[in-house]
Each structure stands twice: as C-alpha cells, then as structure tokens.
Amino acid sequence: MVHQRVVAADAEALAPLAAQWLADEMRLAATLRGTCAVGLAGGSTPRPVYEALAAPPLAGTIPWDRVQVYFGDERAVPPDHPDSNFRMAREALLARVGLKQGSVHRMEAEAADLDSAAGRYAAGLPAALDVLILGVGADGHTASLFPGSPTLEERARRVVAATSPVPPTRRLTLTPPAIAAARRLVVLAAGADKAVAVARALAGSARPIDVPATLAREGVWFLDAAAAGGLPETRRGQSTPTD
C-alpha cells in the first residue's frame, strides 16, 4: 500500500473528497473480486462521509448489492443506543442504500460474554477487508485500540474485547492483524484536537503502543486543515505521498 494524505480546507470539504475515494475503491473491489467487504468506523468525522456516500449522484455509482459491511469496533451498548457505531452508520448510510438482506454484519458488543462475541465476529470476517475505514482520537487511538493497551501486542486473534479509558468502557475491536490484512486503509480525521496525534502517527518514529493510529500509517489519510496543522504544508484537496 502507498500512504498518502489529502488535506481539505475544513471538515465540510473533507466529506465529499473522502466519499468519492471510497466510492471508487468500493466499485473497483466489486469489479475485481465480485464483492466489496468494507469496514466502517464510528465517531463524528465519518458521519458526513457516509451521508455523502448515500446521497445522489454518488450513491448510484456504487454496486450496493455486492457490498458486505463490517465494523472496526463497537461500544458495549444496544444497537439503538446513541453511542452505538452501528446506529450512526445505519442512520447515515446503511438504511439509505440498496444493500442486500444479511449483508450488514454488526458487532454484538452488547453481549454479556464479549470474548465469545469477539470469536463469533472474527469467524465471520473475510480473510481481508477490501476497504477499512478508521478514525483517530486526540490520544492517538484508532478503532478501540488505545495507547498502552495489551491488545496492541495481539498477533493471532482478529477481534477481541477491549477496554476504553472513557465510557462506554467495554468494547469490541479489530486488532493489528486485521488492520494489517486490509487491502486498502483510509483514515479520516478532522479538528485541531487531532493535530498532534496525526503528526505523531505520520512522523514515522512513533510506535503503535504509544500512538495506535500508526498501525494505519500506510493508508490514505483524509484530513481537514486543522487536523493537518502539525504536518508539513500540503496542497489542499491534493493527494501527497508522505516520506
């Protein structure tokens, strides 16, 4: 994979750029392999991107009947809870496009036994997601992989139970092996509070145990100008390879 960054003027301008890239990659995966397995991120930054994907004319360019939807992480709440990543994705995207029945694979993070739920989810994952969407927290976390977490040392399991330092504390998350297996990685980050984490993740010297978002360094990073504030100047709206 070639890592690039695309910097938009602001979060509003970021959404259509990222959505177009995703549409192109999803369409390509479906053409090459007959289906596209996409992993969705939660959080506030992906929502407008998903809304752009679901809106015409872009939505009409994606073969939704050949898309399988997975999730990068989920909080231990019911699927209709305001904190649920699934609920956000359903409202912004999944309920608005022509997905086949059974093509949305929700993480059952509300289960009493999270280890068993993680095992079931891992068993249903494809060997490699075609496109995996990730975000970045101000602390450098991605998915529900937080700085210092022993989960960052995982080398075998692809989905595990995780603990967040902020509520909801119980989570399910993809692990480093699942992230590394993805054919295409895209990272979405907006806001000045992400600038330090983004700069550390892309600097090349940070370790995943300290800045988990480093796991996605080899992806395409869509940033607004505020989130890119700690990086060398990048032409807005342009794809620029990093060192």
# chains A, B, ... in the order shown; residues from 1 in each chain; ligands from 1
>>> closest_atom_pairs(of="range 115-163 of chain A", to="range 213-216 of chain A", cutoff="12 Å", atoms="only C-alpha atoms", output="CSV")
residue,atom,partner,partner_atom,distance
A:Leu132,CA,A:Ala216,CA,9.7
A:Ile133,CA,A:Ala216,CA,9.7
A:Leu134,CA,A:Ala216,CA,7.9
A:Gly135,CA,A:Ala213,CA,8.1
A:Val136,CA,A:Ala213,CA,6.3
A:Gly137,CA,A:Ala213,CA,8.4
A:Ala138,CA,A:Ala213,CA,10.3
A:Asp139,CA,A:Ala213,CA,9.4
A:Gly140,CA,A:Ala213,CA,5.6
A:His141,CA,A:Ala213,CA,5.6
A:Thr142,CA,A:Ala213,CA,5.2
A:Ala143,CA,A:Ala213,CA,8.6
A:Ser144,CA,A:Ala213,CA,10.4
A:Leu145,CA,A:Ala213,CA,8.4
A:Phe146,CA,A:Ala213,CA,9.0
A:Pro147,CA,A:Ala213,CA,9.3
A:Leu152,CA,A:Leu215,CA,9.3
A:Glu153,CA,A:Leu215,CA,11.6
>>> residues_around(residues="Phe86 in chain A", least_positions_apart="3", cutoff="12 Å", atoms="only C-alpha atoms", output="PDB file with C-alpha atoms, in the first residue's frame")
ATOM      1  CA  GLY A  39     -15.181  -1.981   7.414  1.00  0.00           C
ATOM      2  CA  LEU A  40     -16.840   1.112   8.890  1.00  0.00           C
ATOM      3  CA  ALA A  41     -15.560   3.421  11.610  1.00  0.00           C
ATOM      4  CA  GLY A  42     -17.635   5.172  14.237  1.00  0.00           C
ATOM      5  CA  GLY A  43     -17.246   8.680  15.568  1.00  0.00           C
ATOM      6  CA  ARG A  47     -20.821  10.528   9.570  1.00  0.00           C
ATOM      7  CA  VAL A  69     -20.465  -4.253   5.597  1.00  0.00           C
ATOM      8  CA  TYR A  70     -18.378  -4.884   8.710  1.00  0.00           C
ATOM      9  CA  PHE A  71     -17.270  -2.699  11.624  1.00  0.00           C
ATOM     10  CA  GLY A  72     -13.883  -1.754  13.017  1.00  0.00           C
ATOM     11  CA  ASP A  73     -15.139  -1.515  16.584  1.00  0.00           C
ATOM     12  CA  GLU A  74     -18.256  -1.165  18.670  1.00  0.00           C
ATOM     13  CA  ARG A  75     -19.211   0.001  22.149  1.00  0.00           C
ATOM     14  CA  ALA A  76     -20.996  -2.351  24.552  1.00  0.00           C
ATOM     15  CA  VAL A  77     -24.410  -0.764  24.092  1.00  0.00           C
ATOM     16  CA  PRO A  78     -27.617  -1.905  22.341  1.00  0.00           C
ATOM     17  CA  PRO A  79     -27.751  -1.217  18.592  1.00  0.00           C
ATOM     18  CA  ASP A  80     -30.314   1.567  19.026  1.00  0.00           C
ATOM     19  CA  HIS A  81     -28.278   3.395  21.700  1.00  0.00           C
ATOM     20  CA  PRO A  82     -26.983   6.911  20.842  1.00  0.00           C
ATOM     21  CA  ASP A  83     -23.407   5.702  21.459  1.00  0.00           C
ATOM     22  CA  ALA A  89     -23.857   4.045  10.335  1.00  0.00           C
ATOM     23  CA  ARG A  90     -27.407   2.822   9.851  1.00  0.00           C
ATOM     24  CA  GLU A  91     -28.855   6.337  10.044  1.00  0.00           C
ATOM     25  CA  ALA A  92     -26.189   7.967   7.876  1.00  0.00           C
ATOM     26  CA  LEU A  93     -25.690   5.233   5.276  1.00  0.00           C
ATOM     27  CA  LEU A  94     -26.947   1.685   5.659  1.00  0.00           C
ATOM     28  CA  ALA A  95     -30.690   2.402   5.714  1.00  0.00           C
ATOM     29  CA  VAL A 104     -24.575  -5.893   7.273  1.00  0.00           C
ATOM     30  CA  HIS A 105     -22.512  -7.688   9.909  1.00  0.00           C
ATOM     31  CA  ARG A 106     -22.998  -5.937  13.221  1.00  0.00           C
ATOM     32  CA  MET A 107     -20.675  -6.426  16.174  1.00  0.00           C
ATOM     33  CA  GLU A 108     -22.769  -7.729  19.079  1.00  0.00           C
ATOM     34  CA  ALA A 109     -20.871  -5.737  21.665  1.00  0.00           C
ATOM     35  CA  GLU A 110     -23.861  -5.647  23.992  1.00  0.00           C
TER      36      GLU A 110
END
>>> atom_distance(atom1="CA of Thr163 in chain A", atom2="CA of Ser149 in chain A")
8.3 Å
>>> closest_residue(among="A:Ala195, A:Val211, A:Leu114, A:Ala203", to="Ala228 in chain A", atoms="only C-alpha atoms")
A:Ala195
>>> residues_around(residues="Leu58 in chain A", least_positions_apart="3", cutoff="12 Å", atoms="only C-alpha atoms", output="VMD selection string")
chain A and resid 16 to 24 26 to 27 49 to 55 61 to 64 97
>>> closest_residue(among="A:Gly229, A:Ala117, A:Thr151, A:Thr31", to="Val7 in chain A", atoms="only C-alpha atoms")
A:Gly229
>>> closest_residue(among="A:Tyr121, A:Val38, A:Pro165, A:Ala127", to="Ser103 in chain A", atoms="only C-alpha atoms")
A:Val38
>>> closest_residue(among="A:Pro168, A:Pro208, A:Pro126, A:Gly102", to="Glu154 in chain A", atoms="only C-alpha atoms")
A:Pro208
>>> select_by_dssp(residues="range 13-235 of chain A", states="strand (DSSP E)", output="PDB file with N, CA and C atoms, in the first residue's frame")
ATOM      1  N   CYS A  36     -17.391  -6.406  -2.417  1.00  0.00           N
ATOM      2  CA  CYS A  36     -16.546  -5.475  -1.673  1.00  0.00           C
ATOM      3  C   CYS A  36     -16.879  -5.594  -0.199  1.00  0.00           C
ATOM      4  N   ALA A  37     -15.894  -5.977   0.593  1.00  0.00           N
ATOM      5  CA  ALA A  37     -16.047  -6.041   2.044  1.00  0.00           C
ATOM      6  C   ALA A  37     -15.470  -4.769   2.634  1.00  0.00           C
ATOM      7  N   VAL A  38     -16.333  -3.940   3.210  1.00  0.00           N
ATOM      8  CA  VAL A  38     -15.902  -2.654   3.735  1.00  0.00           C
ATOM      9  C   VAL A  38     -16.093  -2.636   5.246  1.00  0.00           C
ATOM     10  N   GLY A  39     -15.096  -2.123   5.971  1.00  0.00           N
ATOM     11  CA  GLY A  39     -15.181  -1.981   7.414  1.00  0.00           C
ATOM     12  C   GLY A  39     -15.411  -0.523   7.780  1.00  0.00           C
ATOM     13  N   LEU A  40     -16.459  -0.259   8.545  1.00  0.00           N
ATOM     14  CA  LEU A  40     -16.840   1.112   8.890  1.00  0.00           C
ATOM     15  C   LEU A  40     -16.283   1.524  10.245  1.00  0.00           C
ATOM     16  N   VAL A  67     -21.959  -5.323  -1.893  1.00  0.00           N
ATOM     17  CA  VAL A  67     -21.193  -4.800  -0.760  1.00  0.00           C
ATOM     18  C   VAL A  67     -21.553  -5.562   0.512  1.00  0.00           C
ATOM     19  N   GLN A  68     -20.535  -5.971   1.248  1.00  0.00           N
ATOM     20  CA  GLN A  68     -20.689  -6.565   2.569  1.00  0.00           C
ATOM     21  C   GLN A  68     -20.096  -5.587   3.588  1.00  0.00           C
ATOM     22  N   VAL A  69     -20.852  -5.293   4.638  1.00  0.00           N
ATOM     23  CA  VAL A  69     -20.465  -4.253   5.597  1.00  0.00           C
ATOM     24  C   VAL A  69     -20.055  -4.872   6.936  1.00  0.00           C
ATOM     25  N   TYR A  70     -18.896  -4.469   7.404  1.00  0.00           N
ATOM     26  CA  TYR A  70     -18.378  -4.884   8.710  1.00  0.00           C
ATOM     27  C   TYR A  70     -18.041  -3.632   9.524  1.00  0.00           C
ATOM     28  N   PHE A  71     -17.586  -3.823  10.745  1.00  0.00           N
ATOM     29  CA  PHE A  71     -17.270  -2.699  11.624  1.00  0.00           C
ATOM     30  C   PHE A  71     -15.891  -2.865  12.240  1.00  0.00           C
ATOM     31  N   ASP A  73     -14.974  -1.365  15.147  1.00  0.00           N
ATOM     32  CA  ASP A  73     -15.139  -1.515  16.584  1.00  0.00           C
ATOM     33  C   ASP A  73     -16.564  -1.160  16.953  1.00  0.00           C
ATOM     34  N   GLU A  74     -16.921  -1.486  18.182  1.00  0.00           N
ATOM     35  CA  GLU A  74     -18.256  -1.165  18.670  1.00  0.00           C
ATOM     36  C   GLU A  74     -18.224  -1.052  20.180  1.00  0.00           C
ATOM     37  N   ARG A  75     -19.076  -0.172  20.703  1.00  0.00           N
ATOM     38  CA  ARG A  75     -19.211   0.001  22.149  1.00  0.00           C
ATOM     39  C   ARG A  75     -20.249  -0.995  22.675  1.00  0.00           C
ATOM     40  N   VAL A 131     -11.734  -2.629   1.981  1.00  0.00           N
ATOM     41  CA  VAL A 131     -11.542  -1.244   2.409  1.00  0.00           C
ATOM     42  C   VAL A 131     -11.854  -1.170   3.894  1.00  0.00           C
ATOM     43  N   LEU A 132     -10.943  -0.639   4.671  1.00  0.00           N
ATOM     44  CA  LEU A 132     -11.169  -0.448   6.101  1.00  0.00           C
ATOM     45  C   LEU A 132     -11.048   1.032   6.414  1.00  0.00           C
ATOM     46  N   ILE A 133     -12.123   1.590   6.968  1.00  0.00           N
ATOM     47  CA  ILE A 133     -12.163   2.993   7.357  1.00  0.00           C
ATOM     48  C   ILE A 133     -11.837   3.093   8.846  1.00  0.00           C
ATOM     49  N   LEU A 134     -10.915   3.983   9.182  1.00  0.00           N
ATOM     50  CA  LEU A 134     -10.522   4.189  10.563  1.00  0.00           C
ATOM     51  C   LEU A 134     -10.543   5.671  10.897  1.00  0.00           C
ATOM     52  N   GLY A 135     -10.657   5.965  12.170  1.00  0.00           N
ATOM     53  CA  GLY A 135     -10.541   7.334  12.650  1.00  0.00           C
ATOM     54  C   GLY A 135      -9.326   7.457  13.560  1.00  0.00           C
ATOM     55  N   VAL A 159     -10.283 -10.167  16.295  1.00  0.00           N
ATOM     56  CA  VAL A 159     -11.276  -9.374  17.028  1.00  0.00           C
ATOM     57  C   VAL A 159     -11.162  -9.746  18.495  1.00  0.00           C
ATOM     58  N   VAL A 160     -11.132  -8.740  19.363  1.00  0.00           N
ATOM     59  CA  VAL A 160     -11.029  -9.012  20.793  1.00  0.00           C
ATOM     60  C   VAL A 160     -11.907  -8.037  21.565  1.00  0.00           C
ATOM     61  N   ALA A 161     -12.185  -8.392  22.811  1.00  0.00           N
ATOM     62  CA  ALA A 161     -12.799  -7.453  23.741  1.00  0.00           C
ATOM     63  C   ALA A 161     -11.743  -6.436  24.146  1.00  0.00           C
ATOM     64  N   ALA A 162     -12.173  -5.194  24.321  1.00  0.00           N
ATOM     65  CA  ALA A 162     -11.232  -4.127  24.658  1.00  0.00           C
ATOM     66  C   ALA A 162     -11.827  -3.235  25.733  1.00  0.00           C
ATOM     67  N   THR A 163     -10.946  -2.473  26.373  1.00  0.00           N
ATOM     68  CA  THR A 163     -11.370  -1.535  27.407  1.00  0.00           C
ATOM     69  C   THR A 163     -10.953  -0.129  27.008  1.00  0.00           C
ATOM     70  N   ARG A 170     -16.502  -0.781  27.859  1.00  0.00           N
ATOM     71  CA  ARG A 170     -16.408  -2.119  27.269  1.00  0.00           C
ATOM     72  C   ARG A 170     -16.615  -2.010  25.765  1.00  0.00           C
ATOM     73  N   ARG A 171     -15.754  -2.663  24.984  1.00  0.00           N
ATOM     74  CA  ARG A 171     -15.788  -2.547  23.529  1.00  0.00           C
ATOM     75  C   ARG A 171     -15.449  -3.890  22.876  1.00  0.00           C
ATOM     76  N   LEU A 172     -15.741  -3.969  21.595  1.00  0.00           N
ATOM     77  CA  LEU A 172     -15.145  -4.954  20.705  1.00  0.00           C
ATOM     78  C   LEU A 172     -14.334  -4.188  19.678  1.00  0.00           C
ATOM     79  N   THR A 173     -13.230  -4.761  19.234  1.00  0.00           N
ATOM     80  CA  THR A 173     -12.395  -4.064  18.261  1.00  0.00           C
ATOM     81  C   THR A 173     -11.656  -5.032  17.357  1.00  0.00           C
ATOM     82  N   LEU A 174     -11.410  -4.598  16.133  1.00  0.00           N
ATOM     83  CA  LEU A 174     -10.440  -5.273  15.298  1.00  0.00           C
ATOM     84  C   LEU A 174      -9.054  -5.088  15.907  1.00  0.00           C
ATOM     85  N   ARG A 184      -7.042  -1.998   1.477  1.00  0.00           N
ATOM     86  CA  ARG A 184      -6.958  -0.540   1.415  1.00  0.00           C
ATOM     87  C   ARG A 184      -7.385   0.016   2.768  1.00  0.00           C
ATOM     88  N   LEU A 185      -6.570   0.933   3.296  1.00  0.00           N
ATOM     89  CA  LEU A 185      -6.868   1.616   4.545  1.00  0.00           C
ATOM     90  C   LEU A 185      -7.131   3.085   4.261  1.00  0.00           C
ATOM     91  N   VAL A 186      -8.143   3.634   4.903  1.00  0.00           N
ATOM     92  CA  VAL A 186      -8.383   5.067   4.810  1.00  0.00           C
ATOM     93  C   VAL A 186      -8.629   5.585   6.219  1.00  0.00           C
ATOM     94  N   VAL A 187      -7.985   6.697   6.541  1.00  0.00           N
ATOM     95  CA  VAL A 187      -8.101   7.299   7.862  1.00  0.00           C
ATOM     96  C   VAL A 187      -8.757   8.665   7.705  1.00  0.00           C
ATOM     97  N   LEU A 188      -9.770   8.926   8.528  1.00  0.00           N
ATOM     98  CA  LEU A 188     -10.495  10.194   8.499  1.00  0.00           C
ATOM     99  C   LEU A 188     -10.236  10.934   9.804  1.00  0.00           C
ATOM    100  N   ALA A 189      -9.799  12.195   9.710  1.00  0.00           N
ATOM    101  CA  ALA A 189      -9.548  12.981  10.912  1.00  0.00           C
ATOM    102  C   ALA A 189      -9.857  14.444  10.646  1.00  0.00           C
ATOM    103  N   VAL A 220      -4.433   5.872   3.230  1.00  0.00           N
ATOM    104  CA  VAL A 220      -4.715   7.202   2.695  1.00  0.00           C
ATOM    105  C   VAL A 220      -5.390   7.999   3.810  1.00  0.00           C
ATOM    106  N   TRP A 221      -4.805   9.117   4.156  1.00  0.00           N
ATOM    107  CA  TRP A 221      -5.286   9.939   5.260  1.00  0.00           C
ATOM    108  C   TRP A 221      -6.024  11.150   4.711  1.00  0.00           C
ATOM    109  N   PHE A 222      -7.308  11.246   5.023  1.00  0.00           N
ATOM    110  CA  PHE A 222      -8.112  12.411   4.665  1.00  0.00           C
ATOM    111  C   PHE A 222      -8.233  13.283   5.905  1.00  0.00           C
ATOM    112  N   LEU A 223      -7.696  14.492   5.809  1.00  0.00           N
ATOM    113  CA  LEU A 223      -7.595  15.405   6.943  1.00  0.00           C
ATOM    114  C   LEU A 223      -8.190  16.753   6.572  1.00  0.00           C
ATOM    115  N   ASP A 224      -8.766  17.436   7.561  1.00  0.00           N
ATOM    116  CA  ASP A 224      -9.043  18.847   7.314  1.00  0.00           C
ATOM    117  C   ASP A 224      -7.817  19.648   7.739  1.00  0.00           C
TER     118      ASP A 224
END
>>> select_by_dssp(residues="range 101-184 of chain A", states="alpha helix (DSSP H)", output="PyMOL selection string")
chain A and resi 114-124+176-181
>>> closest_residue(among="A:Asn85, A:Ala182, A:Val196, A:Ala9", to="Asp130 in chain A", atoms="only C-alpha atoms")
A:Ala182
>>> closest_residue(among="A:Ala156, A:Asp115, A:Ala59, A:Thr45", to="Lys194 in chain A", atoms="only C-alpha atoms")
A:Thr45
>>> atom_distance(atom1="CA of Pro176 in chain A", atom2="CA of Ala225 in chain A")
27.9 Å
